[in-house]
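Novice: This is the structure, below, for whatever I ask next.
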Amino acid sequence: MALVELRNVSKIYRLGEEEIRALDDVTLDIEQGELISIIGPSGSGKSTLMHILGCLDSPTKGTIQLDGVMIHDASSRQLATIRNRKIGFVFQFFNLLPKLNVVQNVELPMIYSGVSGRERRARAMEALQMVDLANRAKHRPSQLSGGQQQRAAIARALVNNPRIVFADEPTGNLDSHTGEAILQLFRKLSQEGRTIVLVTHDPEIAAVTPRRIEIRDGKIAVKVDSTLAGLKNPGEPVPA
Amino acid sequence: MSEARFKPSPELLRHSSAQLGITVLAGMREIWAHKFRSLLTMLGIILGVSSLVAMSALVSGMEKGAKEALVAIGGLEKVRIEPQGLPIEQRHLSDQAVGITINDVAALERSAPLVTRLSPEMRLSATMTANGKSFRPWNCVGVWPAALEMNEHVIEHGRMFNEIDDELARSVCVIGTATRDELWGAPEKVGHEIIPVGETLYINGVPFTIIGMFEHYESERERKERLLASTQTETNQVQGVARRQNWGGKRRSNFVFYLKNATVYLPLNTVWMKFRSGASQFAIAYGGGGTRTISGTTGDPRLSGLEVKIATVDLLPEALQQIRNVLMHTHKRIEDFSFRTQEDWADQINTFIHNARLSGGLIAGISLLVGGIGIMNIMLASISERVREIGIRKSVGAATTDIFIQILVESVVIAILGGMTGLATSFALVHLISTFAPTDNAPIIQVTALAIAFGFSVLVGILAGIFPAFKAARLNPIQALRYE
């Protein structure tokens with residue numbers, strides 16, 4: 001059983017009379033430990049796909065199973081708990097809280113899972129060490145460089161030990177050198193066995209992942225799979 | 001493929017109580033980050049709370065002063081019987097109306113068991129002369145010795161006249177401190193207390209011996225001020241100034257206490273014999289003009305009033321009926337008397353206090369409400385600045401209720417800080433009010449008033465926070481994350 005199983009998922013918005021299919025009948029499996037990229041131009045529906053996979057949004061049609069739990073019709077409270085326990089997010093604009101210092105930012109997910117103060121601090125420092133940022137723990141986000149901020153955001157995404165990490169254009173706001181370092185970090189995390197989904201419009205970035213899915217007009221247009229992982233499921237269309 | 005539905009296991013349930021401390025800290029941090037803005041917001045609550053407490057303290061002070069005065073004039077059990085014009089249907093009998101006389105006193109003593117004590121009064125319009133000065137006291141009255149207890153008088157120097165003095169119609173009198181102050185000088189002015197016991201006092205030209213003097217009656221506040229002033233004069237070298245201040249302070253003393261100090265008691269029989277019996281002194285006193293006619297040689301036996309004390313306040317209506325029955329008999333069914341009870345006054349005091357409390361509370365309540373609107377306003381501004389923060393918090397796993405509680409806690413923290421500052425400010429405000437607008441009744445800050453004001457400020461904080469918290473909690477995380 002795959003870690004994530006999407007079956008015929010659609011997301012339909014209505015603008016007056018018009019029906020916009022942001023996602024149109026997408027079926028997709030993500031295996032435990034995979035490093036996968038979702039690419040597509042803006043407006044293709046890749047962000048919608050990531051939001052649905054990341055439990056920030058619910059699909060209009062179809063079923064989703066994450067780590068053995070059906071989530072397509074979960075309540076907002078249940079989705080919040082899943083986001084908290086099983087999912088980590090890394091954003092283009094880092095999205096650290098400016099009023100908190102780095103270690104407090106990293107502690108944030110654990111506050112909502114009710115971890116005690118001492119354990120929180122210990123685990124946050126551990127996560128910061130993982131991204132090599134422990135020496136900046138007491139700094140404010142504004143005192144850090146872009147690469148450091150993104151590493152802090154990655155530490156925050158990892159701190160609750162999630163089953164899957166989503167990174168939405170994680171290098172989009174960084175210079176190419178720093179971006180390369182961040183991608184290296186993701187690769188390292190993948191080698192440690194974490195499941196990582198990179199969402200990007202940049203084919204060069206997508207090239208670092210063994211498996212790539214290209215989204216166009218809400219549908220999976222191209223699948224490139226160097227690992228052949230995608231062929232395991234008979235329900236999927238043959239790679240183009 | 002398993003069809004397992006999502007079920008929150010106990011392990012996944014949040015420990016909300018542990019989170020509350022962090023949420024309060026986050027709220028404090030948020031307030032600290034916008035110090036000036038938060039202070040302005042709190043100002044509404046501060047003013048509301050402090051005005052509520054100050055208002056309550058002022059009214060409590062007034063209430064206490066009024067009750068003190070009520071006790072000073074003899075309490076609720078006292079009923080005064082006064083002569084009154086006849087009702088219209090009895091006007092033709094006015095020639096036969098006897099008025100309140102000593103006979104009524106005897107009759108009430110015998111026949112009205114609910115009356116425990118009686119004090120007839122014969123009022124005298126008198127001018128006191130002694131020491132080369134003269135003075136018209138408010139209340140110069142011929143009484144029985146029982147009047148001392150009836151009117152809560154206390155003799156400080158000398159003695160009260162007794163039954164023998166009354167029986168023999170001796171020319172003795174007991175004076176209050178106001179008479180002493182006017183004729184011999186107040187202790188504050190002279191520097192030491194003059195006790196004129198044994199001195200001769202001319203009342204309407206008739207010499208009387210002062211055999212006693214009442215203590216100086218004053219409200220608690222006046223007493224404190226006087227003691228303070230006297231300790232200050234001891235340490236102060238500039239004594240004259242301090243005394244003058246004190247004298248000035250005494251002038252605006254409580255009216256009830258002033259009137260009580262301006263009392264002169266004479267034996268009832270003395271007043272009757274010397275001033276009402278048509279004897280020559282009466283003519284001398286009012287002499288010169290000869291225009292005034294004296295009512296016969298038998299004199300005028302009528303009393304100017306009769307004070308009775310009844311057994312208990314609970315039986316007041318019954319006691320009044322008893323007195324009425326007896327008096328209607330002795331007055332040949334002519335109703336030429338009326339009752340005055342302190343209860344009317346007590347009722348008036350209570351009504352006044354109630355109204356003052358209500359109107360003050362209303363004003364303070366409105367200012368608290370305005371403070372609450374201020375909090376709501378600032379919370380709405382704050383959440384629209386923090387849409388992105390709310391999105392981030394939701395993306396890392398904050399549930400709708402977590403955000404709701406966070407915003408609500410912030411609002412309540414502002415209200416609590418404002419409330420506590422308001423309580424502190426209220427002490428200063430009360431002090432300020434009593435310095436700038438001195439009354440006889442020192443404001444009393446009550447613990448219940450503090451608690452109520454604080455409770456209201458917290459309530460206002462909660463109410464003001466609900467709508468902004470609801471609005472923040474409902475934000476869609478995707479849109480909130482995209483928000484610039």
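Chain labels follow the order of the structure tokens: the first chain is A, the next B, and so on; residue numbering restarts at 1 in every chain, and ligands are counted from 1 in their shown order.
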I'd like the contact shell of Asp132 (chain A) - 12 Å cut-off, only C-alpha atoms, skipping same-chain residues fewer than 5 positions apart - returned as a PDB file with C-alpha atoms, in the first residue's frame.
Specialist:
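So the final result, stored in selection38.pdb, reads:
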```pdb
ATOM      1  CA  MET A 125      17.290  22.084  18.720  1.00  0.00           C
ATOM      2  CA  GLU A 126      17.724  18.588  17.294  1.00  0.00           C
ATOM      3  CA  ALA A 127      15.860  19.613  14.144  1.00  0.00           C
ATOM      4  CA  ALA A 137      18.590  29.397  17.332  1.00  0.00           C
ATOM      5  CA  GLY A 147      19.020  30.254   2.779  1.00  0.00           C
ATOM      6  CA  GLN A 148      19.171  30.205   6.570  1.00  0.00           C
ATOM      7  CA  GLN A 149      15.498  31.143   6.813  1.00  0.00           C
ATOM      8  CA  GLN A 150      14.576  28.340   4.443  1.00  0.00           C
ATOM      9  CA  ARG A 151      16.648  25.889   6.497  1.00  0.00           C
ATOM     10  CA  ALA A 152      14.792  27.049   9.610  1.00  0.00           C
ATOM     11  CA  ILE A 154      12.694  22.956   6.815  1.00  0.00           C
ATOM     12  CA  ALA A 155      13.573  22.282  10.461  1.00  0.00           C
ATOM     13  CA  ALA A 181      22.317  23.962  -1.244  1.00  0.00           C
ATOM     14  CA  ILE A 182      18.657  23.674  -0.256  1.00  0.00           C
ATOM     15  CA  LEU A 185      19.521  19.248   1.801  1.00  0.00           C
TER      16      LEU A 185
END
```
Novice: Mind checking which residues fall within 10 Å of Gly179 (chain A), counting only C-alpha atoms, ignoring those fewer than 3 positions away in the same chain, and posting them as a PyMOL selection string?
Specialist: chain A and resi 146-147+150+170-176+182-185+205
Novice: Write the residues of the preceding selection, restricted to N, CA and C atoms, as a PDB file, in the first residue's frame.
Specialist:
```pdb
ATOM      1  N   GLY A 146      18.391  34.408   3.377  1.00  0.00           N
ATOM      2  CA  GLY A 146      17.293  33.642   2.798  1.00  0.00           C
ATOM      3  C   GLY A 146      17.500  32.145   2.949  1.00  0.00           C
ATOM      4  N   GLY A 147      18.739  31.676   2.674  1.00  0.00           N
ATOM      5  CA  GLY A 147      19.020  30.254   2.779  1.00  0.00           C
ATOM      6  C   GLY A 147      18.853  29.754   4.203  1.00  0.00           C
ATOM      7  N   GLN A 150      15.214  29.511   5.022  1.00  0.00           N
ATOM      8  CA  GLN A 150      14.576  28.340   4.443  1.00  0.00           C
ATOM      9  C   GLN A 150      14.980  27.084   5.210  1.00  0.00           C
ATOM     10  N   PRO A 170      10.572  25.753  -3.149  1.00  0.00           N
ATOM     11  CA  PRO A 170      11.443  26.072  -2.001  1.00  0.00           C
ATOM     12  C   PRO A 170      12.656  26.909  -2.381  1.00  0.00           C
ATOM     13  N   THR A 171      13.028  26.910  -3.666  1.00  0.00           N
ATOM     14  CA  THR A 171      14.201  27.692  -4.071  1.00  0.00           C
ATOM     15  C   THR A 171      13.803  28.944  -4.831  1.00  0.00           C
ATOM     16  N   GLY A 172      12.506  29.174  -4.949  1.00  0.00           N
ATOM     17  CA  GLY A 172      11.999  30.265  -5.792  1.00  0.00           C
ATOM     18  C   GLY A 172      12.452  31.638  -5.346  1.00  0.00           C
ATOM     19  N   ASN A 173      12.782  31.785  -4.080  1.00  0.00           N
ATOM     20  CA  ASN A 173      13.130  33.096  -3.549  1.00  0.00           C
ATOM     21  C   ASN A 173      14.612  33.171  -3.179  1.00  0.00           C
ATOM     22  N   LEU A 174      15.378  32.223  -3.714  1.00  0.00           N
ATOM     23  CA  LEU A 174      16.794  32.163  -3.342  1.00  0.00           C
ATOM     24  C   LEU A 174      17.663  32.274  -4.592  1.00  0.00           C
ATOM     25  N   ASP A 175      18.909  32.734  -4.394  1.00  0.00           N
ATOM     26  CA  ASP A 175      19.826  32.745  -5.540  1.00  0.00           C
ATOM     27  C   ASP A 175      20.215  31.310  -5.879  1.00  0.00           C
ATOM     28  N   SER A 176      20.772  31.101  -7.065  1.00  0.00           N
ATOM     29  CA  SER A 176      20.934  29.737  -7.567  1.00  0.00           C
ATOM     30  C   SER A 176      21.873  28.921  -6.673  1.00  0.00           C
ATOM     31  N   ILE A 182      19.935  24.132  -0.820  1.00  0.00           N
ATOM     32  CA  ILE A 182      18.657  23.674  -0.256  1.00  0.00           C
ATOM     33  C   ILE A 182      18.239  22.362  -0.919  1.00  0.00           C
ATOM     34  N   LEU A 183      18.437  22.282  -2.231  1.00  0.00           N
ATOM     35  CA  LEU A 183      18.080  21.047  -2.927  1.00  0.00           C
ATOM     36  C   LEU A 183      18.943  19.880  -2.444  1.00  0.00           C
ATOM     37  N   GLN A 184      20.219  20.183  -2.202  1.00  0.00           N
ATOM     38  CA  GLN A 184      21.112  19.172  -1.636  1.00  0.00           C
ATOM     39  C   GLN A 184      20.578  18.647  -0.303  1.00  0.00           C
ATOM     40  N   LEU A 185      20.070  19.602   0.490  1.00  0.00           N
ATOM     41  CA  LEU A 185      19.521  19.248   1.801  1.00  0.00           C
ATOM     42  C   LEU A 185      18.331  18.306   1.637  1.00  0.00           C
ATOM     43  N   ILE A 205      15.010  22.142 -11.558  1.00  0.00           N
ATOM     44  CA  ILE A 205      14.911  21.664 -10.176  1.00  0.00           C
ATOM     45  C   ILE A 205      14.281  20.281 -10.156  1.00  0.00           C
TER      46      ILE A 205
END
```
Novice: Need the shell around Ala33 (chain B): protein/DNA/RNA residues with any atom at most 12 Å away, counting only C-alpha atoms. Skip same-chain ones fewer than 4 positions apart. Format as a list in words?
Specialist: Pro98, Lys99 and Leu100 of chain A; Ala26, Gly27, Met28, Arg29, Arg37, Ser38, Leu39 and Ser382 of chain B
Novice: Keeping only C-alpha atoms, write the selected residues to a file as a PDB file, in the first residue's frame.
Specialist:
```
ATOM      1  CA  PRO A  98       8.756  37.417  12.434  1.00  0.00           C
ATOM      2  CA  LYS A  99       7.987  38.017  16.128  1.00  0.00           C
ATOM      3  CA  LEU A 100       9.370  34.648  17.213  1.00  0.00           C
TER       4      LEU A 100
ATOM      5  CA  ALA B  26       1.951  34.845  22.955  1.00  0.00           C
ATOM      6  CA  GLY B  27      -0.813  37.350  23.705  1.00  0.00           C
ATOM      7  CA  MET B  28       1.492  39.275  26.053  1.00  0.00           C
ATOM      8  CA  ARG B  29       4.186  39.295  23.374  1.00  0.00           C
ATOM      9  CA  ARG B  37      -1.571  50.925  20.603  1.00  0.00           C
ATOM     10  CA  SER B  38      -2.316  48.482  23.404  1.00  0.00           C
ATOM     11  CA  LEU B  39      -2.036  51.230  26.008  1.00  0.00           C
ATOM     12  CA  SER B 382      -4.667  43.214  14.548  1.00  0.00           C
TER      13      SER B 382
END
```
Novice: Would you mind reading off the distance between CA of Val308 (chain B) and CA of Ala346 (chain B), one decimal, in Å?
Specialist: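 These atoms are spaced 17.6 Å apart.
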Novice: Near chain B, which residues of chain A fall within 7 Å when you count only C-alpha atoms, and what do they look like as a list of chain:residue names?
Specialist: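 On the chain A side, the interface is A:Leu56, A:Gly68, A:Val69, A:Met70, A:Ile71, A:Ala74, A:Arg77, A:Ala80, A:Thr81, A:Arg83, A:Asn84, A:Asn95, A:Leu97, A:Pro109, A:Ile111, A:Tyr112, A:Ser113, A:Gly114.
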Novice: Pick out each residue of region 20-230 of chain A that DSSP on the backbone tags as strand (DSSP E); I need them as a ChimeraX atom specification.
Specialist: /A:20-30,35-39,61-66,69-70,87-90,164-168,195-200,211-216,219-225
Novice: Taking N, CA and C atoms for each residue, export the selection above as a compact mmCIF listing (two decimals), in the first residue's frame.
Specialist:
```txt
# COMPACT_ATOMS: atom_id res chain seq x y z
N ILE A 20 -14.75 25.69 -13.34
CA ILE A 20 -13.30 25.59 -13.53
C ILE A 20 -12.80 24.33 -12.87
N ARG A 21 -12.20 23.47 -13.70
CA ARG A 21 -11.67 22.22 -13.15
C ARG A 21 -10.19 22.43 -12.84
N ALA A 22 -9.90 22.80 -11.61
CA ALA A 22 -8.50 23.01 -11.22
C ALA A 22 -7.76 21.68 -11.20
N LEU A 23 -8.47 20.64 -10.83
CA LEU A 23 -7.92 19.28 -10.91
C LEU A 23 -8.97 18.42 -11.58
N ASP A 24 -8.54 17.61 -12.52
CA ASP A 24 -9.53 16.86 -13.28
C ASP A 24 -9.16 15.38 -13.28
N ASP A 25 -9.80 14.65 -12.42
CA ASP A 25 -9.70 13.19 -12.42
C ASP A 25 -8.24 12.71 -12.31
N VAL A 26 -7.60 13.13 -11.21
CA VAL A 26 -6.20 12.78 -11.03
C VAL A 26 -6.09 11.52 -10.19
N THR A 27 -5.31 10.59 -10.66
CA THR A 27 -5.04 9.38 -9.89
C THR A 27 -3.53 9.27 -9.73
N LEU A 28 -3.08 9.07 -8.51
CA LEU A 28 -1.64 9.18 -8.24
C LEU A 28 -1.31 8.42 -6.96
N ASP A 29 -0.17 7.73 -6.98
CA ASP A 29 0.31 7.09 -5.76
C ASP A 29 1.67 7.67 -5.41
N ILE A 30 1.91 7.89 -4.14
CA ILE A 30 3.25 8.28 -3.69
C ILE A 30 3.68 7.25 -2.67
N LEU A 35 11.25 10.61 -3.44
CA LEU A 35 11.50 12.03 -3.71
C LEU A 35 10.87 12.30 -5.06
N ILE A 36 9.81 13.06 -5.05
CA ILE A 36 9.01 13.23 -6.26
C ILE A 36 8.82 14.71 -6.52
N SER A 37 8.80 15.12 -7.79
CA SER A 37 8.52 16.52 -8.07
C SER A 37 7.25 16.64 -8.90
N ILE A 38 6.48 17.66 -8.59
CA ILE A 38 5.29 17.98 -9.37
C ILE A 38 5.60 19.27 -10.08
N ILE A 39 5.63 19.24 -11.40
CA ILE A 39 5.96 20.47 -12.12
C ILE A 39 4.81 20.86 -13.02
N LYS A 61 -14.36 15.78 -5.71
CA LYS A 61 -14.68 14.37 -6.03
C LYS A 61 -13.45 13.53 -5.77
N GLY A 62 -13.65 12.24 -5.62
CA GLY A 62 -12.53 11.32 -5.51
C GLY A 62 -12.18 11.00 -4.07
N THR A 63 -11.27 10.05 -3.92
CA THR A 63 -10.88 9.64 -2.58
C THR A 63 -9.37 9.78 -2.41
N ILE A 64 -8.97 10.09 -1.17
CA ILE A 64 -7.55 10.20 -0.85
C ILE A 64 -7.31 9.40 0.42
N GLN A 65 -6.25 8.64 0.37
CA GLN A 65 -5.86 7.92 1.56
C GLN A 65 -4.44 8.34 1.90
N LEU A 66 -4.22 8.79 3.11
CA LEU A 66 -2.87 9.18 3.54
C LEU A 66 -2.50 8.31 4.72
N VAL A 69 -5.27 6.36 6.17
CA VAL A 69 -6.45 7.05 6.69
C VAL A 69 -7.14 7.79 5.55
N MET A 70 -8.46 7.61 5.45
CA MET A 70 -9.21 8.32 4.41
C MET A 70 -9.36 9.77 4.84
N ILE A 87 2.28 15.85 8.26
CA ILE A 87 2.67 16.63 7.10
C ILE A 87 3.57 17.78 7.53
N GLY A 88 4.59 18.05 6.72
CA GLY A 88 5.41 19.24 6.94
C GLY A 88 5.39 20.08 5.67
N PHE A 89 5.33 21.39 5.83
CA PHE A 89 5.31 22.29 4.68
C PHE A 89 6.57 23.15 4.63
N VAL A 90 7.09 23.35 3.43
CA VAL A 90 8.16 24.34 3.22
C VAL A 90 7.65 25.25 2.10
N ILE A 164 5.29 12.87 5.45
CA ILE A 164 5.55 13.43 4.12
C ILE A 164 5.80 14.93 4.24
N VAL A 165 6.75 15.43 3.42
CA VAL A 165 7.08 16.86 3.44
C VAL A 165 6.75 17.44 2.06
N PHE A 166 5.99 18.54 2.04
CA PHE A 166 5.70 19.23 0.79
C PHE A 166 6.52 20.51 0.73
N ALA A 167 7.22 20.73 -0.38
CA ALA A 167 8.00 21.96 -0.53
C ALA A 167 7.47 22.68 -1.77
N ASP A 168 6.89 23.87 -1.54
CA ASP A 168 6.26 24.63 -2.62
C ASP A 168 7.26 25.68 -3.11
N THR A 195 9.89 11.05 2.92
CA THR A 195 9.10 11.21 1.71
C THR A 195 8.98 12.70 1.43
N ILE A 196 9.42 13.14 0.25
CA ILE A 196 9.45 14.57 -0.04
C ILE A 196 8.81 14.84 -1.38
N VAL A 197 7.92 15.82 -1.43
CA VAL A 197 7.28 16.22 -2.68
C VAL A 197 7.71 17.65 -2.97
N LEU A 198 8.41 17.86 -4.10
CA LEU A 198 8.81 19.20 -4.50
C LEU A 198 7.80 19.71 -5.52
N VAL A 199 7.26 20.90 -5.29
CA VAL A 199 6.34 21.50 -6.25
C VAL A 199 7.07 22.67 -6.89
N THR A 200 7.20 22.69 -8.19
CA THR A 200 7.98 23.74 -8.84
C THR A 200 7.52 23.94 -10.27
N ARG A 211 11.58 10.87 -9.79
CA ARG A 211 10.27 10.73 -10.41
C ARG A 211 9.68 12.11 -10.58
N ARG A 212 9.11 12.39 -11.75
CA ARG A 212 8.54 13.70 -12.02
C ARG A 212 7.14 13.54 -12.57
N ILE A 213 6.27 14.42 -12.14
CA ILE A 213 4.91 14.41 -12.66
C ILE A 213 4.63 15.80 -13.17
N GLU A 214 4.22 15.90 -14.41
CA GLU A 214 3.91 17.21 -14.96
C GLU A 214 2.41 17.38 -15.06
N ILE A 215 1.95 18.50 -14.54
CA ILE A 215 0.52 18.78 -14.53
C ILE A 215 0.24 19.86 -15.56
N ARG A 216 -0.80 19.64 -16.34
CA ARG A 216 -1.24 20.65 -17.29
C ARG A 216 -2.76 20.66 -17.30
N LYS A 219 -4.63 18.08 -15.27
CA LYS A 219 -4.45 16.65 -15.51
C LYS A 219 -2.97 16.30 -15.47
N ILE A 220 -2.69 15.04 -15.19
CA ILE A 220 -1.31 14.59 -15.23
C ILE A 220 -0.95 14.38 -16.70
N ALA A 221 -0.02 15.22 -17.17
CA ALA A 221 0.30 15.17 -18.59
C ALA A 221 1.44 14.22 -18.86
N VAL A 222 2.49 14.32 -18.07
CA VAL A 222 3.70 13.53 -18.34
C VAL A 222 4.15 12.89 -17.05
N LYS A 223 4.57 11.65 -17.16
CA LYS A 223 5.19 11.02 -16.00
C LYS A 223 6.55 10.52 -16.41
N VAL A 224 7.55 10.94 -15.67
CA VAL A 224 8.89 10.41 -15.92
C VAL A 224 9.26 9.65 -14.67
N ASP A 225 9.60 8.38 -14.84
CA ASP A 225 9.84 7.58 -13.65
C ASP A 225 11.07 6.73 -13.85
```
Novice: What does the distance from CA of Val447 (chain B) to CA of Trp32 (chain B) come to in Å, to one decimal?
Specialist: 29.9 Å
Novice: Please provide as a PyMOL selection string all residues within 12 Å of Ile433 (chain B), with the sequence filter that same-chain residues fewer than 3 positions apart are discarded (counting only C-alpha atoms).
Specialist: chain B and resi 50-51+54-55+57-58+426-430+436-439+441-444
Novice: Tell me, in Å to one decimal, how far CA of Asn350 (chain B) is from CA of Val71 (chain B).
Specialist: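 These atoms are spaced 14.7 Å apart.
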Novice: Find the residues around Asp336 (chain B) up to 12 Å (only C-alpha atoms counted), leave out those fewer than 2 positions away in its own chain, and share them as number ranges by chain.
Specialist: B: 81-91, 93-101, 302, 305, 324, 327-334, 338-339
Novice: Ranking A:Val208, A:Val102, A:Leu79, A:Ala157 by minimum distance to Leu144 (chain A) and counting only C-alpha atoms, which one comes first?
Specialist: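 Once distances to Leu144 (chain A) are computed over only C-alpha atoms, the minimum belongs to A:Val102.
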Novice: As a ChimeraX atom specification, please: every residue in region 57-259 of chain B that DSSP puts in alpha helix (DSSP H).
Specialist: /B:57-72,102-111,147-150,163-167,177-183,187-190,220-235,239-251,255-259
Novice: Hey, can you spit out that residue selection with C-alpha atoms as a PDB file, in the first residue's frame?
Specialist:
```pdb
ATOM      1  CA  ALA B  57     -16.537  54.561  46.758  1.00  0.00           C
ATOM      2  CA  LEU B  58     -18.148  58.008  46.711  1.00  0.00           C
ATOM      3  CA  VAL B  59     -21.642  56.604  47.117  1.00  0.00           C
ATOM      4  CA  SER B  60     -20.491  54.281  49.911  1.00  0.00           C
ATOM      5  CA  GLY B  61     -18.954  57.273  51.651  1.00  0.00           C
ATOM      6  CA  MET B  62     -22.193  59.209  51.344  1.00  0.00           C
ATOM      7  CA  GLU B  63     -24.174  56.260  52.604  1.00  0.00           C
ATOM      8  CA  LYS B  64     -21.934  55.882  55.628  1.00  0.00           C
ATOM      9  CA  GLY B  65     -22.138  59.613  56.377  1.00  0.00           C
ATOM     10  CA  ALA B  66     -25.911  59.593  56.127  1.00  0.00           C
ATOM     11  CA  LYS B  67     -26.185  56.560  58.407  1.00  0.00           C
ATOM     12  CA  GLU B  68     -23.827  58.170  60.935  1.00  0.00           C
ATOM     13  CA  ALA B  69     -26.022  61.248  60.927  1.00  0.00           C
ATOM     14  CA  LEU B  70     -29.112  59.103  61.332  1.00  0.00           C
ATOM     15  CA  VAL B  71     -27.647  57.440  64.408  1.00  0.00           C
ATOM     16  CA  ALA B  72     -26.562  60.839  65.768  1.00  0.00           C
ATOM     17  CA  ILE B 102     -47.642  67.157  79.748  1.00  0.00           C
ATOM     18  CA  ASN B 103     -50.948  65.295  80.183  1.00  0.00           C
ATOM     19  CA  ASP B 104     -50.265  63.448  76.965  1.00  0.00           C
ATOM     20  CA  VAL B 105     -46.916  62.378  78.340  1.00  0.00           C
ATOM     21  CA  ALA B 106     -48.551  60.932  81.419  1.00  0.00           C
ATOM     22  CA  ALA B 107     -51.256  59.244  79.350  1.00  0.00           C
ATOM     23  CA  LEU B 108     -48.763  57.682  76.953  1.00  0.00           C
ATOM     24  CA  GLU B 109     -46.629  56.486  79.844  1.00  0.00           C
ATOM     25  CA  ARG B 110     -49.635  54.736  81.311  1.00  0.00           C
ATOM     26  CA  SER B 111     -51.436  53.440  78.236  1.00  0.00           C
ATOM     27  CA  ALA B 147     -33.713  63.703  76.649  1.00  0.00           C
ATOM     28  CA  LEU B 148     -30.007  63.045  77.100  1.00  0.00           C
ATOM     29  CA  GLU B 149     -30.360  59.401  76.144  1.00  0.00           C
ATOM     30  CA  MET B 150     -33.191  59.987  73.735  1.00  0.00           C
ATOM     31  CA  GLU B 163     -35.255  65.192  88.322  1.00  0.00           C
ATOM     32  CA  ILE B 164     -34.772  67.354  91.398  1.00  0.00           C
ATOM     33  CA  ASP B 165     -33.415  70.238  89.337  1.00  0.00           C
ATOM     34  CA  ASP B 166     -36.459  69.853  87.107  1.00  0.00           C
ATOM     35  CA  GLU B 167     -38.894  69.541  89.992  1.00  0.00           C
ATOM     36  CA  THR B 177     -19.837  73.067  72.201  1.00  0.00           C
ATOM     37  CA  ALA B 178     -21.236  75.488  69.604  1.00  0.00           C
ATOM     38  CA  THR B 179     -22.463  77.801  72.365  1.00  0.00           C
ATOM     39  CA  ARG B 180     -19.109  77.575  74.095  1.00  0.00           C
ATOM     40  CA  ASP B 181     -17.307  78.262  70.812  1.00  0.00           C
ATOM     41  CA  GLU B 182     -19.424  81.331  70.126  1.00  0.00           C
ATOM     42  CA  LEU B 183     -19.339  82.872  73.588  1.00  0.00           C
ATOM     43  CA  PRO B 187     -10.283  75.517  71.380  1.00  0.00           C
ATOM     44  CA  GLU B 188      -8.755  75.806  67.913  1.00  0.00           C
ATOM     45  CA  LYS B 189      -8.870  79.556  68.220  1.00  0.00           C
ATOM     46  CA  VAL B 190      -7.911  80.034  71.817  1.00  0.00           C
ATOM     47  CA  GLU B 220     -15.509  60.328  61.763  1.00  0.00           C
ATOM     48  CA  ARG B 221     -13.804  62.217  58.979  1.00  0.00           C
ATOM     49  CA  GLU B 222     -13.866  65.472  60.912  1.00  0.00           C
ATOM     50  CA  ARG B 223     -12.446  63.730  63.929  1.00  0.00           C
ATOM     51  CA  LYS B 224      -9.608  62.299  61.863  1.00  0.00           C
ATOM     52  CA  GLU B 225      -8.886  65.646  60.271  1.00  0.00           C
ATOM     53  CA  ARG B 226      -8.876  67.349  63.640  1.00  0.00           C
ATOM     54  CA  LEU B 227      -6.520  64.776  65.148  1.00  0.00           C
ATOM     55  CA  LEU B 228      -4.251  65.088  62.137  1.00  0.00           C
ATOM     56  CA  ALA B 229      -4.284  68.868  62.423  1.00  0.00           C
ATOM     57  CA  SER B 230      -3.496  68.720  66.136  1.00  0.00           C
ATOM     58  CA  THR B 231      -0.550  66.365  65.616  1.00  0.00           C
ATOM     59  CA  GLN B 232       0.652  68.640  62.871  1.00  0.00           C
ATOM     60  CA  THR B 233       0.435  71.735  65.056  1.00  0.00           C
ATOM     61  CA  GLU B 234       2.507  69.960  67.666  1.00  0.00           C
ATOM     62  CA  THR B 235       5.305  69.386  65.211  1.00  0.00           C
ATOM     63  CA  GLN B 239       0.871  77.166  64.895  1.00  0.00           C
ATOM     64  CA  GLY B 240      -1.459  79.984  64.033  1.00  0.00           C
ATOM     65  CA  VAL B 241      -1.781  79.060  60.385  1.00  0.00           C
ATOM     66  CA  ALA B 242      -2.564  75.445  61.082  1.00  0.00           C
ATOM     67  CA  ARG B 243      -5.295  76.414  63.501  1.00  0.00           C
ATOM     68  CA  ARG B 244      -6.891  78.801  61.122  1.00  0.00           C
ATOM     69  CA  GLN B 245      -7.022  76.101  58.500  1.00  0.00           C
ATOM     70  CA  ASN B 246      -8.632  73.810  60.959  1.00  0.00           C
ATOM     71  CA  TRP B 247     -11.146  76.453  61.951  1.00  0.00           C
ATOM     72  CA  GLY B 248     -12.017  76.948  58.313  1.00  0.00           C
ATOM     73  CA  GLY B 249     -12.415  73.227  57.960  1.00  0.00           C
ATOM     74  CA  LYS B 250     -14.810  73.204  60.840  1.00  0.00           C
ATOM     75  CA  ARG B 251     -17.084  75.806  59.305  1.00  0.00           C
ATOM     76  CA  PHE B 255     -24.885  70.270  59.151  1.00  0.00           C
ATOM     77  CA  VAL B 256     -26.476  67.598  61.273  1.00  0.00           C
ATOM     78  CA  PHE B 257     -23.528  67.570  63.632  1.00  0.00           C
ATOM     79  CA  TYR B 258     -23.417  71.360  63.752  1.00  0.00           C
ATOM     80  CA  LEU B 259     -27.077  71.522  64.774  1.00  0.00           C
TER      81      LEU B 259
END
```
